[in-house]
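Structure data follow from data_7.tsv (TSV, C-alpha atoms and all ligand atoms):
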```tsv
chain	number	residue	atom	x	y	z
A	1	MET	CA	81.55	139.24	153.91
A	2	SER	CA	82.84	138.87	157.45
A	3	VAL	CA	84.10	135.68	159.01
A	4	LYS	CA	81.13	135.94	161.39
A	5	GLY	CA	78.78	135.98	158.40
A	6	HIS	CA	80.29	132.80	157.02
A	7	ALA	CA	80.09	131.07	160.38
A	8	SER	CA	76.38	131.75	160.86
A	9	ALA	CA	75.68	130.71	157.27
A	10	ALA	CA	77.58	127.51	157.91
A	11	ARG	CA	75.07	126.57	160.57
A	12	GLY	CA	72.38	127.01	157.92
A	13	GLY	CA	74.16	124.59	155.54
A	14	VAL	CA	71.88	121.88	154.20
A	15	ALA	CA	72.91	118.34	153.37
A	16	SER	CA	71.76	116.81	150.09
A	17	ARG	CA	68.28	115.28	149.85
A	18	PRO	CA	68.12	111.50	149.40
A	19	ALA	CA	67.42	110.59	145.79
A	20	LEU	CA	67.19	107.42	143.75
A	21	PRO	CA	69.73	107.69	140.96
A	22	ASP	CA	69.97	105.00	138.24
A	23	VAL	CA	73.19	103.05	137.65
A	24	ALA	CA	74.74	105.97	135.74
A	25	GLY	CA	73.89	108.25	138.67
A	26	ARG	CA	71.15	109.89	136.59
A	27	GLU	CA	68.22	111.31	138.56
A	28	THR	CA	64.86	112.56	137.38
A	29	ILE	CA	63.20	115.02	139.75
A	30	GLY	CA	59.91	116.45	138.46
A	31	MET	CA	60.59	117.31	134.80
A	32	LEU	CA	64.35	117.72	135.34
A	33	THR	CA	66.89	115.04	134.53
A	34	ILE	CA	70.37	115.37	136.00
A	35	THR	CA	73.11	113.31	134.40
A	36	PRO	CA	76.50	113.41	136.17
A	37	SER	CA	79.54	113.85	133.93
A	38	GLY	CA	81.27	110.95	135.69
A	39	SER	CA	84.27	113.16	136.43
A	40	VAL	CA	85.13	115.02	139.64
A	41	LEU	CA	82.66	117.83	138.79
A	42	GLY	CA	79.86	118.48	136.35
A	43	ALA	CA	76.38	117.34	135.41
A	44	ARG	CA	74.02	117.94	132.50
A	45	VAL	CA	70.51	119.14	133.26
A	46	THR	CA	67.67	118.69	130.79
A	47	GLY	CA	63.89	119.05	130.92
A	48	ILE	CA	63.64	122.79	131.53
A	49	ASP	CA	63.37	125.95	129.43
A	50	LEU	CA	65.44	128.54	131.31
A	51	SER	CA	63.98	131.42	129.32
A	52	ARG	CA	60.73	130.96	131.25
A	53	PRO	CA	60.15	131.80	134.92
A	54	MET	CA	61.33	128.89	137.09
A	55	ASN	CA	59.17	127.41	139.83
A	56	GLY	CA	60.48	126.94	143.38
A	57	ALA	CA	60.77	123.15	143.10
A	58	ASP	CA	62.96	123.32	139.98
A	59	PHE	CA	65.09	126.03	141.58
A	60	ALA	CA	65.58	123.80	144.65
A	61	THR	CA	66.66	120.89	142.45
A	62	ILE	CA	69.10	123.08	140.52
A	63	LEU	CA	70.54	124.66	143.67
A	64	ARG	CA	71.09	121.28	145.30
A	65	ALA	CA	72.68	119.89	142.10
A	66	LEU	CA	74.90	122.96	141.88
A	67	GLY	CA	76.27	122.28	145.36
A	68	GLN	CA	76.74	118.59	144.59
A	69	TYR	CA	78.24	118.80	141.07
A	70	GLY	CA	79.72	122.34	141.05
A	71	VAL	CA	79.20	122.87	137.31
A	72	LEU	CA	75.84	122.36	135.55
A	73	CYS	CA	75.37	122.39	131.79
A	74	PHE	CA	71.90	123.10	130.39
A	75	PRO	CA	72.18	122.24	126.68
A	76	ASP	CA	70.25	124.03	123.94
A	77	GLN	CA	69.38	127.22	125.80
A	78	LEU	CA	70.08	130.54	124.09
A	79	LEU	CA	68.57	133.23	126.27
A	80	GLU	CA	67.77	136.82	125.43
A	81	PRO	CA	69.73	139.21	127.69
A	82	ALA	CA	66.73	140.02	129.91
A	83	ALA	CA	65.94	136.32	130.40
A	84	LEU	CA	69.61	135.58	131.21
A	85	ARG	CA	69.53	138.34	133.82
A	86	ASP	CA	66.23	137.14	135.31
A	87	PHE	CA	67.42	133.53	135.59
A	88	SER	CA	70.69	134.70	137.21
A	89	LEU	CA	68.88	136.95	139.70
A	90	ARG	CA	67.28	133.88	141.29
A	91	PHE	CA	70.69	133.10	142.84
A	92	GLY	CA	71.57	136.62	144.09
A	93	SER	CA	72.48	140.15	142.94
A	94	ILE	CA	74.53	140.61	139.80
A	95	GLN	CA	77.90	142.37	139.72
A	96	THR	CA	78.32	144.67	136.70
A	97	SER	CA	81.63	145.53	135.05
A	98	LEU	CA	84.10	147.85	136.79
A	99	THR	CA	85.08	149.57	133.56
A	100	GLY	CA	81.49	149.88	132.29
A	101	GLN	CA	82.65	148.31	129.01
A	102	PHE	CA	81.30	145.30	127.15
A	103	GLN	CA	77.84	145.16	128.64
A	104	ASP	CA	74.61	144.52	126.80
A	105	PRO	CA	73.38	148.02	125.86
A	106	GLU	CA	69.89	147.42	127.28
A	107	VAL	CA	70.69	144.95	130.07
A	108	PRO	CA	73.96	146.06	131.72
A	109	GLU	CA	73.93	143.05	134.08
A	110	VAL	CA	74.82	140.92	131.03
A	111	GLY	CA	78.50	141.10	130.10
A	112	ILE	CA	79.91	140.22	126.67
A	113	LEU	CA	83.03	138.05	126.45
A	114	SER	CA	84.42	137.80	122.95
A	115	ASN	CA	87.44	138.09	120.67
A	116	ILE	CA	85.28	139.41	117.80
A	117	VAL	CA	86.23	142.81	116.39
A	118	GLU	CA	83.59	144.72	114.42
A	119	ASN	CA	84.38	147.93	112.54
A	120	GLY	CA	87.80	147.97	114.21
A	121	LYS	CA	86.33	147.72	117.73
A	122	PRO	CA	86.21	144.70	120.06
A	123	ILE	CA	82.62	143.74	120.88
A	124	GLY	CA	83.53	142.04	124.17
A	125	LEU	CA	86.15	141.43	126.83
A	126	ALA	CA	88.62	139.20	124.99
A	127	ASP	CA	90.68	137.78	127.86
A	128	ALA	CA	88.19	137.15	130.68
A	129	GLY	CA	89.16	134.47	133.17
A	130	GLN	CA	92.26	133.26	131.33
A	131	ASP	CA	94.08	131.85	134.34
A	132	TRP	CA	93.12	130.04	137.56
A	133	HIS	CA	90.80	132.01	139.83
A	134	THR	CA	87.36	132.09	141.38
A	135	ASP	CA	85.11	135.03	140.66
A	136	MET	CA	84.87	137.91	143.08
A	137	SER	CA	86.86	136.40	145.94
A	138	TYR	CA	88.30	139.93	146.00
A	139	ARG	CA	84.98	141.35	147.19
A	140	ASP	CA	83.62	141.48	150.67
A	141	THR	CA	80.54	139.76	149.30
A	142	MET	CA	82.16	137.03	147.23
A	143	GLY	CA	80.93	135.54	143.98
A	144	PHE	CA	78.46	132.67	144.06
A	145	VAL	CA	77.24	131.65	140.60
A	146	ASN	CA	78.60	132.40	137.16
A	147	VAL	CA	76.14	132.03	134.31
A	148	LEU	CA	77.70	131.71	130.84
A	149	ASN	CA	75.70	131.24	127.65
A	150	ALA	CA	77.62	130.11	124.54
A	151	HIS	CA	76.74	131.96	121.33
A	152	LYS	CA	79.88	131.14	119.30
A	153	VAL	CA	82.43	128.41	120.02
A	154	PRO	CA	85.76	128.30	118.14
A	155	ARG	CA	86.81	125.11	116.31
A	156	ARG	CA	89.87	124.09	114.30
A	157	ASP	CA	89.88	120.96	112.12
A	158	GLY	CA	86.74	119.81	113.93
A	159	LYS	CA	88.39	120.22	117.36
A	160	VAL	CA	86.56	122.41	119.87
A	161	LEU	CA	88.70	125.24	121.30
A	162	GLY	CA	88.21	127.68	124.18
A	163	SER	CA	87.23	125.14	126.82
A	164	THR	CA	86.85	126.09	130.48
A	165	VAL	CA	88.57	123.95	133.10
A	166	PHE	CA	87.26	123.67	136.67
A	167	ALA	CA	88.82	122.43	139.93
A	168	ASN	CA	86.83	120.86	142.77
A	169	MET	CA	87.45	122.61	146.11
A	170	HIS	CA	85.36	120.17	148.20
A	171	ALA	CA	87.74	117.40	147.06
A	172	ALA	CA	90.81	119.66	147.49
A	173	TYR	CA	89.81	120.34	151.10
A	174	ASP	CA	89.03	116.68	151.82
A	175	GLU	CA	92.44	115.58	150.55
A	176	LEU	CA	94.54	118.34	152.12
A	177	ASP	CA	97.30	117.27	154.48
A	178	PRO	CA	95.64	116.95	157.95
A	179	ALA	CA	98.48	118.90	159.61
A	180	LEU	CA	97.97	121.83	157.21
A	181	LYS	CA	94.20	121.66	157.75
A	182	LYS	CA	94.76	121.94	161.48
A	183	ARG	CA	97.28	124.75	161.12
A	184	LEU	CA	95.01	126.82	158.85
A	185	ALA	CA	91.73	125.89	160.58
A	186	THR	CA	90.96	129.49	161.57
A	187	ALA	CA	93.26	131.28	159.10
A	188	THR	CA	92.09	134.03	156.77
A	189	ALA	CA	93.41	135.14	153.39
A	190	THR	CA	93.43	138.53	151.70
A	191	HIS	CA	92.19	138.55	148.09
A	192	ASP	CA	93.09	141.44	145.76
A	193	PHE	CA	91.39	142.20	142.42
A	194	ASN	CA	94.56	143.89	141.20
A	195	LYS	CA	96.60	140.66	141.40
A	196	PHE	CA	94.81	139.06	138.44
A	197	TRP	CA	94.42	142.35	136.55
A	198	ASP	CA	98.12	143.16	136.89
A	199	MET	CA	99.09	139.65	135.77
A	200	MET	CA	96.99	140.15	132.60
A	201	VAL	CA	98.52	143.61	132.00
A	202	LYS	CA	102.01	142.04	132.26
A	203	ARG	CA	101.03	139.18	129.95
A	204	GLY	CA	100.32	141.92	127.41
A	205	THR	CA	98.01	139.92	125.15
A	206	SER	CA	94.83	141.92	125.54
A	207	GLY	CA	95.64	145.60	125.79
A	208	ARG	CA	94.46	145.91	129.41
A	209	LYS	CA	95.85	149.05	131.04
A	210	PRO	CA	96.86	149.23	134.73
A	211	LEU	CA	93.90	150.15	136.93
A	212	THR	CA	93.56	153.86	137.65
A	213	PRO	CA	93.70	154.91	141.35
A	214	GLU	CA	89.91	155.52	141.15
A	215	GLN	CA	89.32	151.99	139.81
A	216	ARG	CA	91.59	150.48	142.49
A	217	ALA	CA	89.68	152.39	145.16
A	218	LYS	CA	86.45	150.78	143.93
A	219	ARG	CA	87.93	147.30	144.38
A	220	PRO	CA	89.69	147.25	147.78
A	221	PRO	CA	91.07	143.87	148.93
A	222	ALA	CA	88.79	141.57	150.93
A	223	VAL	CA	89.46	139.01	153.67
A	224	HIS	CA	87.86	135.55	153.85
A	225	PRO	CA	88.50	132.35	155.81
A	226	VAL	CA	90.85	129.92	154.02
A	227	PHE	CA	88.31	127.17	154.69
A	228	LEU	CA	84.61	127.89	154.28
A	229	THR	CA	81.59	125.80	155.08
A	230	HIS	CA	79.69	125.57	151.83
A	231	PRO	CA	76.20	127.00	152.29
A	232	ILE	CA	74.50	124.30	150.17
A	233	THR	CA	76.43	121.13	150.96
A	234	GLY	CA	77.33	122.00	154.57
A	235	ARG	CA	80.83	120.61	153.79
A	236	LYS	CA	84.16	122.43	154.01
A	237	VAL	CA	85.85	123.82	150.89
A	238	LEU	CA	89.32	125.24	150.31
A	239	TYR	CA	88.56	128.90	149.54
A	240	CYS	CA	91.83	130.22	148.19
A	241	ASN	CA	92.87	130.78	144.57
A	242	PRO	CA	96.01	131.75	142.64
A	243	GLY	CA	94.24	134.57	140.78
A	244	TYR	CA	93.41	136.74	143.77
A	245	ALA	CA	94.81	135.38	147.08
A	246	VAL	CA	97.84	137.45	148.09
A	247	ARG	CA	98.42	136.75	151.77
A	248	ILE	CA	97.55	134.44	154.63
A	249	ASN	CA	97.08	137.06	157.27
A	250	GLU	CA	98.15	135.10	160.33
A	251	LEU	CA	101.56	134.15	158.84
A	252	ASP	CA	104.60	136.29	158.15
A	253	LYS	CA	105.08	137.24	154.48
A	254	ALA	CA	107.68	134.57	153.60
A	255	GLU	CA	105.71	131.78	155.29
A	256	SER	CA	102.46	133.03	153.76
A	257	ASP	CA	104.06	132.90	150.26
A	258	ARG	CA	105.28	129.36	150.91
A	259	VAL	CA	101.92	128.10	152.20
A	260	LEU	CA	99.96	129.82	149.42
A	261	GLU	CA	102.19	128.16	146.80
A	262	ALA	CA	101.61	124.78	148.48
A	263	LEU	CA	97.83	125.33	148.49
A	264	PHE	CA	97.80	126.41	144.81
A	265	GLU	CA	99.85	123.38	143.80
A	266	HIS	CA	97.61	121.07	145.81
A	267	GLN	CA	94.28	122.42	144.54
A	268	LEU	CA	95.21	122.19	140.83
A	269	GLN	CA	96.24	118.54	140.73
A	270	PRO	CA	94.79	116.76	137.68
A	271	ARG	CA	92.55	114.52	139.80
A	272	PHE	CA	90.55	117.57	140.94
A	273	LEU	CA	90.03	118.93	137.39
A	274	HIS	CA	87.08	118.79	135.00
A	275	THR	CA	87.04	120.30	131.49
A	276	HIS	CA	83.89	121.70	129.93
A	277	GLN	CA	84.08	121.56	126.15
A	278	TRP	CA	81.54	124.04	124.84
A	279	THR	CA	78.75	123.56	122.32
A	280	GLU	CA	76.81	126.52	120.95
A	281	ARG	CA	73.67	127.18	123.04
A	282	ASP	CA	75.14	125.62	126.21
A	283	LEU	CA	74.12	127.54	129.28
A	284	LEU	CA	76.62	126.73	132.01
A	285	ILE	CA	76.32	127.68	135.64
A	286	TRP	CA	79.04	127.08	138.19
A	287	ASP	CA	79.51	127.52	141.88
A	288	ASN	CA	82.41	129.86	142.61
A	289	ILE	CA	82.47	128.92	146.31
A	290	GLY	CA	83.22	125.25	145.64
A	291	THR	CA	85.27	125.50	142.43
A	292	LEU	CA	88.08	127.38	140.65
A	293	HIS	CA	88.13	127.87	136.88
A	294	ASN	CA	90.39	128.80	133.98
A	295	ALA	CA	89.30	129.78	130.44
A	296	ILE	CA	91.78	128.27	127.96
A	297	PRO	CA	92.91	130.78	125.27
A	298	ASP	CA	93.96	128.19	122.66
A	299	TYR	CA	92.17	129.89	119.73
A	300	GLY	CA	93.29	132.62	117.35
A	301	PRO	CA	91.82	136.05	116.52
A	302	ASN	CA	89.86	134.64	113.57
A	303	GLU	CA	88.46	131.72	115.56
A	304	HIS	CA	85.51	133.44	117.13
A	305	ARG	CA	84.22	132.88	120.65
A	306	LEU	CA	81.19	134.77	121.99
A	307	MET	CA	79.72	134.26	125.45
A	308	LYS	CA	77.13	136.23	127.41
A	309	ARG	CA	77.77	136.28	131.15
A	310	CYS	CA	76.14	137.20	134.47
A	311	GLN	CA	78.25	137.15	137.66
A	312	VAL	CA	76.07	136.55	140.69
A	313	MET	CA	77.19	137.50	144.18
A	314	ALA	CA	76.84	135.40	147.33
A	315	ASP	CA	74.60	138.00	148.98
A	316	LYS	CA	71.67	135.58	149.37
A	317	VAL	CA	73.18	132.12	149.57
A	318	PHE	CA	74.87	132.72	152.94
A	319	GLN	CA	71.54	133.79	154.47
A	320	PRO	CA	70.25	130.74	156.35
A	321	ASP	CA	66.61	131.69	155.63
A	322	PHE	CA	67.20	132.00	151.90
A	323	ILE	CA	68.92	128.65	151.58
A	324	ARG	CA	66.48	126.82	153.89
A	325	GLN	CA	63.44	128.14	152.06
A	326	ALA	CA	64.96	127.67	148.61
A	327	LEU	CA	65.89	124.04	149.26
A	328	ALA	CA	62.61	123.21	151.00
A	329	ALA	CA	60.46	124.22	147.98
A	401	LIG	C1	85.05	133.69	133.39
A	401	LIG	O1	86.06	133.48	134.05
A	401	LIG	O2	84.04	134.21	133.89
A	401	LIG	C2	85.03	133.35	131.92
A	401	LIG	C3	85.14	131.89	131.66
A	401	LIG	C4	85.10	131.56	130.19
A	401	LIG	O3	84.98	132.44	129.35
A	401	LIG	O4	85.18	130.38	129.88
```

If you took the structure in this file and wrote it as structure tokens, what would it be?
Ligand code: SIN
Amino acid sequence: MSVKGHASAARGGVASRPALPDVAGRETIGMLTITPSGSVLGARVTGIDLSRPMNGADFATILRALGQYGVLCFPDQLLEPAALRDFSLRFGSIQTSLTGQFQDPEVPEVGILSNIVENGKPIGLADAGQDWHTDMSYRDTMGFVNVLNAHKVPRRDGKVLGSTVFANMHAAYDELDPALKKRLATATATHDFNKFWDMMVKRGTSGRKPLTPEQRAKRPPAVHPVFLTHPITGRKVLYCNPGYAVRINELDKAESDRVLEALFEHQLQPRFLHTHQWTERDLLIWDNIGTLHNAIPDYGPNEHRLMKRCQVMADKVFQPDFIRQALAA
């Protein structure tokens, strides 16, 4: 997506609707109850069955909460692949896998993330997201929402393993050094899919092979502003991540490396982090524009984790008409 595209979407940004939360910050809107986690990100949403078609008012509430809290957990929702796809499609188009592997056989928009091996073959991508990144920043049309449904969650001695940690990029922008904010106000960064892939190949824990020239050609680097105006909140976010950002284009290479390191260190400070500890049947959605995430691989090959995933692109959310109509419902 071009810088121009982001700028016009920014004008369409919508501030949050006034609400009357209780003392815990809990709000009930229609049948939905939103309970904030109390940390820097995250809320739990109950009162809806996501396997059924969603009306416009519930979608508006969820979209607004997604902008505000970044990560929403809908407990006790285990969706069939087609229902997971249909729910995800409300937010935008779905990116399918580059390798064509580990997709639901009937619904290819649904990816399978798992360390389970059946008949000597892995049933899913075993190492997805295992370092800090935000999805699809390497594409011209960046990622918007990730939808992850927990089928199996590993545990050891009663302790839940395989958590996902998130970082809040609204807060990271707000607390960035004012001089650096000014210096990078109009800067852009190049994001490259191969950076994360290559790092995982070098780590050598998952058997990934280097991308073929054909695969690399299908994922050319993309350029985005370092600071974006979030299309839902209308606030600025720091849109840069260690997984894919390779260069600040307006700086020479050495200075770009130095500034990128400073941004990465800043954005991952503990005060910006929130950990989601999974329970089976959780359906989690998160906003890739306003957060980074990291899937923690602290479980062994016999401690099984199985997630079904849809990766939704930001092809609709930056359209002022889409966001205005969606939030007005
Ligand atoms: C991802 O990065 O999409 C996967 C996150 C996870 O498995 O927790």

Next on the checklist: So, with only C-alpha atoms and all ligand atoms as the atoms that count, which of A:Glu106, A:Glu261, A:Glu118, A:Asp287 lies closest to ligand LIG 401 (chain A)?
Outcome noted: A:Asp287

Next on the checklist: Show me, as JSON, numbers by chain, the residues that have an atom within 8 Å of region 232-248 of chain A when counting only C-alpha atoms, minus same-chain residues fewer than 5 positions from it.
Outcome noted: {"A": [10, 11, 12, 13, 14, 15, 16, 63, 64, 67, 68, 131, 132, 133, 134, 137, 138, 169, 170, 171, 172, 173, 174, 187, 188, 189, 190, 191, 192, 193, 194, 195, 196, 224, 225, 226, 227, 253, 256, 257, 260, 263, 264, 289, 290, 292, 317, 323]}

Next on the checklist: Taking all atoms listed in the file and a cut-off of 10 Å, can you tell me which residues surround ligand LIG 401 (chain A), written as a PyMOL selection string?
Outcome noted: chain A and resi 111-114+125-136+145-150+162-166+276-278+284+286+288+292-297+305-311

Based on the selection just made, write C-alpha atoms of those residues as an mmCIF file, in the coordinates of the input.
```cif
data_model
loop_
_atom_site.group_PDB
_atom_site.id
_atom_site.type_symbol
_atom_site.label_atom_id
_atom_site.label_comp_id
_atom_site.auth_asym_id
_atom_site.auth_seq_id
_atom_site.Cartn_x
_atom_site.Cartn_y
_atom_site.Cartn_z
ATOM 1 C CA GLY A 111 78.500 141.100 130.100
ATOM 2 C CA ILE A 112 79.910 140.220 126.670
ATOM 3 C CA LEU A 113 83.030 138.050 126.450
ATOM 4 C CA SER A 114 84.420 137.800 122.950
ATOM 5 C CA LEU A 125 86.150 141.430 126.830
ATOM 6 C CA ALA A 126 88.620 139.200 124.990
ATOM 7 C CA ASP A 127 90.680 137.780 127.860
ATOM 8 C CA ALA A 128 88.190 137.150 130.680
ATOM 9 C CA GLY A 129 89.160 134.470 133.170
ATOM 10 C CA GLN A 130 92.260 133.260 131.330
ATOM 11 C CA ASP A 131 94.080 131.850 134.340
ATOM 12 C CA TRP A 132 93.120 130.040 137.560
ATOM 13 C CA HIS A 133 90.800 132.010 139.830
ATOM 14 C CA THR A 134 87.360 132.090 141.380
ATOM 15 C CA ASP A 135 85.110 135.030 140.660
ATOM 16 C CA MET A 136 84.870 137.910 143.080
ATOM 17 C CA VAL A 145 77.240 131.650 140.600
ATOM 18 C CA ASN A 146 78.600 132.400 137.160
ATOM 19 C CA VAL A 147 76.140 132.030 134.310
ATOM 20 C CA LEU A 148 77.700 131.710 130.840
ATOM 21 C CA ASN A 149 75.700 131.240 127.650
ATOM 22 C CA ALA A 150 77.620 130.110 124.540
ATOM 23 C CA GLY A 162 88.210 127.680 124.180
ATOM 24 C CA SER A 163 87.230 125.140 126.820
ATOM 25 C CA THR A 164 86.850 126.090 130.480
ATOM 26 C CA VAL A 165 88.570 123.950 133.100
ATOM 27 C CA PHE A 166 87.260 123.670 136.670
ATOM 28 C CA HIS A 276 83.890 121.700 129.930
ATOM 29 C CA GLN A 277 84.080 121.560 126.150
ATOM 30 C CA TRP A 278 81.540 124.040 124.840
ATOM 31 C CA LEU A 284 76.620 126.730 132.010
ATOM 32 C CA TRP A 286 79.040 127.080 138.190
ATOM 33 C CA ASN A 288 82.410 129.860 142.610
ATOM 34 C CA LEU A 292 88.080 127.380 140.650
ATOM 35 C CA HIS A 293 88.130 127.870 136.880
ATOM 36 C CA ASN A 294 90.390 128.800 133.980
ATOM 37 C CA ALA A 295 89.300 129.780 130.440
ATOM 38 C CA ILE A 296 91.780 128.270 127.960
ATOM 39 C CA PRO A 297 92.910 130.780 125.270
ATOM 40 C CA ARG A 305 84.220 132.880 120.650
ATOM 41 C CA LEU A 306 81.190 134.770 121.990
ATOM 42 C CA MET A 307 79.720 134.260 125.450
ATOM 43 C CA LYS A 308 77.130 136.230 127.410
ATOM 44 C CA ARG A 309 77.770 136.280 131.150
ATOM 45 C CA CYS A 310 76.140 137.200 134.470
ATOM 46 C CA GLN A 311 78.250 137.150 137.660
#
```

Step by step: start from the point (68.0, 120.1, 134.5) in the file's coordinates, keep every protein, DNA or RNA residue that has an atom no farther than 6 Å from it, count only C-alpha atoms, and write the set as a compact mmCIF listing (two decimals) with C-alpha atoms, in the frame of the given file.
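Generated output (selection_23.txt):
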```
# COMPACT_ATOMS: atom_id res chain seq x y z
CA LEU A 32 64.35 117.72 135.34
CA THR A 33 66.89 115.04 134.53
CA ILE A 34 70.37 115.37 136.00
CA VAL A 45 70.51 119.14 133.26
CA THR A 46 67.67 118.69 130.79
CA GLY A 47 63.89 119.05 130.92
CA ILE A 48 63.64 122.79 131.53
```

Checklist entry - Using only C-alpha atoms, which of the listed residues (A:Leu251, A:Val312, A:Ile94, A:Val259) sits closest to Ile285 (chain A)? => result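 Ranked by minimum distance to Ile285 (chain A), first place goes to A:Val312.
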
Item to check | Best match for closeness to Asn55 (chain A) among A:Glu214, A:Val40, A:Thr28, A:Phe87, counting all atoms listed in the file | outcome: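 Comparing A:Glu214, A:Val40, A:Thr28, A:Phe87 against Asn55 (chain A), the winner is A:Phe87.
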
Item to check | Å distance separating CA of Ile116 (chain A) from CA of Gly300 (chain A), one decimal place | outcome: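 Distance between the two atoms: 10.5 Å.
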
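Separating CA of Asp282 (chain A) from CA of Leu78 (chain A) is a distance of 7.4 Å.
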
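Minimum atom-to-atom distance to Arg208 (chain A), evaluated using all atoms listed in the file, belongs to A:Thr99 out of A:Lys182, A:Arg271, A:Thr99, A:Ala65.
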
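In terms of minimum interatomic distance to Pro270 (chain A), A:Ala167 ranks closest within A:Ala167, A:Leu327, A:Ala222, A:Ala60, counting only C-alpha atoms.
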
Checklist entry - What is the CA of Ser37 (chain A)-CA of Arg156 (chain A) distance in Å, reported with one decimal? => result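 Separating CA of Ser37 (chain A) from CA of Arg156 (chain A) is a distance of 24.4 Å.
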
Next on the checklist: If we count only C-alpha atoms and set the cut-off at 7 Å, which residues sit around Met313 (chain A), ignoring sequence neighbours fewer than 6 positions away in its own chain? Please answer as a count of residues only.
Outcome noted: 9

Checklist entry - Looking at A:Leu84, A:Arg216, A:Glu109, A:Gln319, which one is nearest to Thr96 (chain A), with distances taken over all atoms listed in the file? => result A:Glu109

Could you add the missing atoms to region 296-308 of chain A, up to N, CA, C and O atoms, and return them as a PDB file, keeping the file's coordinate frame?
```pdb
ATOM      1  N   ILE A 296      90.566 128.603 128.721  1.00  0.00           N
ATOM      2  CA  ILE A 296      91.780 128.270 127.960  1.00  0.00           C
ATOM      3  C   ILE A 296      91.840 129.061 126.637  1.00  0.00           C
ATOM      4  O   ILE A 296      91.004 128.854 125.749  1.00  0.00           O
ATOM      5  N   PRO A 297      92.846 129.945 126.490  1.00  0.00           N
ATOM      6  CA  PRO A 297      92.910 130.780 125.270  1.00  0.00           C
ATOM      7  C   PRO A 297      93.710 130.087 124.160  1.00  0.00           C
ATOM      8  O   PRO A 297      94.764 130.570 123.732  1.00  0.00           O
ATOM      9  N   ASP A 298      93.201 128.954 123.664  1.00  0.00           N
ATOM     10  CA  ASP A 298      93.960 128.190 122.660  1.00  0.00           C
ATOM     11  C   ASP A 298      93.442 128.443 121.250  1.00  0.00           C
ATOM     12  O   ASP A 298      93.608 127.635 120.363  1.00  0.00           O
ATOM     13  N   TYR A 299      92.755 129.575 121.044  1.00  0.00           N
ATOM     14  CA  TYR A 299      92.170 129.890 119.730  1.00  0.00           C
ATOM     15  C   TYR A 299      92.735 131.228 119.246  1.00  0.00           C
ATOM     16  O   TYR A 299      93.196 132.058 120.050  1.00  0.00           O
ATOM     17  N   GLY A 300      92.686 131.418 117.932  1.00  0.00           N
ATOM     18  CA  GLY A 300      93.290 132.620 117.350  1.00  0.00           C
ATOM     19  C   GLY A 300      92.260 133.723 117.141  1.00  0.00           C
ATOM     20  O   GLY A 300      91.052 133.522 117.346  1.00  0.00           O
ATOM     21  N   PRO A 301      92.727 134.904 116.676  1.00  0.00           N
ATOM     22  CA  PRO A 301      91.820 136.050 116.520  1.00  0.00           C
ATOM     23  C   PRO A 301      90.700 135.812 115.508  1.00  0.00           C
ATOM     24  O   PRO A 301      89.635 136.423 115.613  1.00  0.00           O
ATOM     25  N   ASN A 302      90.930 134.902 114.556  1.00  0.00           N
ATOM     26  CA  ASN A 302      89.860 134.640 113.570  1.00  0.00           C
ATOM     27  C   ASN A 302      89.016 133.422 113.924  1.00  0.00           C
ATOM     28  O   ASN A 302      88.191 132.983 113.122  1.00  0.00           O
ATOM     29  N   GLU A 303      89.266 132.862 115.087  1.00  0.00           N
ATOM     30  CA  GLU A 303      88.460 131.720 115.560  1.00  0.00           C
ATOM     31  C   GLU A 303      87.564 132.270 116.664  1.00  0.00           C
ATOM     32  O   GLU A 303      87.991 132.452 117.802  1.00  0.00           O
ATOM     33  N   HIS A 304      86.328 132.567 116.289  1.00  0.00           N
ATOM     34  CA  HIS A 304      85.510 133.440 117.130  1.00  0.00           C
ATOM     35  C   HIS A 304      84.821 132.711 118.286  1.00  0.00           C
ATOM     36  O   HIS A 304      84.219 131.654 118.118  1.00  0.00           O
ATOM     37  N   ARG A 305      84.907 133.363 119.445  1.00  0.00           N
ATOM     38  CA  ARG A 305      84.220 132.880 120.650  1.00  0.00           C
ATOM     39  C   ARG A 305      83.353 134.025 121.143  1.00  0.00           C
ATOM     40  O   ARG A 305      83.818 135.175 121.234  1.00  0.00           O
ATOM     41  N   LEU A 306      82.093 133.730 121.471  1.00  0.00           N
ATOM     42  CA  LEU A 306      81.190 134.770 121.990  1.00  0.00           C
ATOM     43  C   LEU A 306      80.323 134.163 123.087  1.00  0.00           C
ATOM     44  O   LEU A 306      79.587 133.193 122.854  1.00  0.00           O
ATOM     45  N   MET A 307      80.471 134.733 124.278  1.00  0.00           N
ATOM     46  CA  MET A 307      79.720 134.260 125.450  1.00  0.00           C
ATOM     47  C   MET A 307      79.001 135.452 126.071  1.00  0.00           C
ATOM     48  O   MET A 307      79.540 136.564 126.097  1.00  0.00           O
ATOM     49  N   LYS A 308      77.831 135.201 126.621  1.00  0.00           N
ATOM     50  CA  LYS A 308      77.130 136.230 127.410  1.00  0.00           C
ATOM     51  C   LYS A 308      77.169 135.757 128.864  1.00  0.00           C
ATOM     52  O   LYS A 308      76.900 134.579 129.147  1.00  0.00           O
TER      53      LYS A 308
END
```
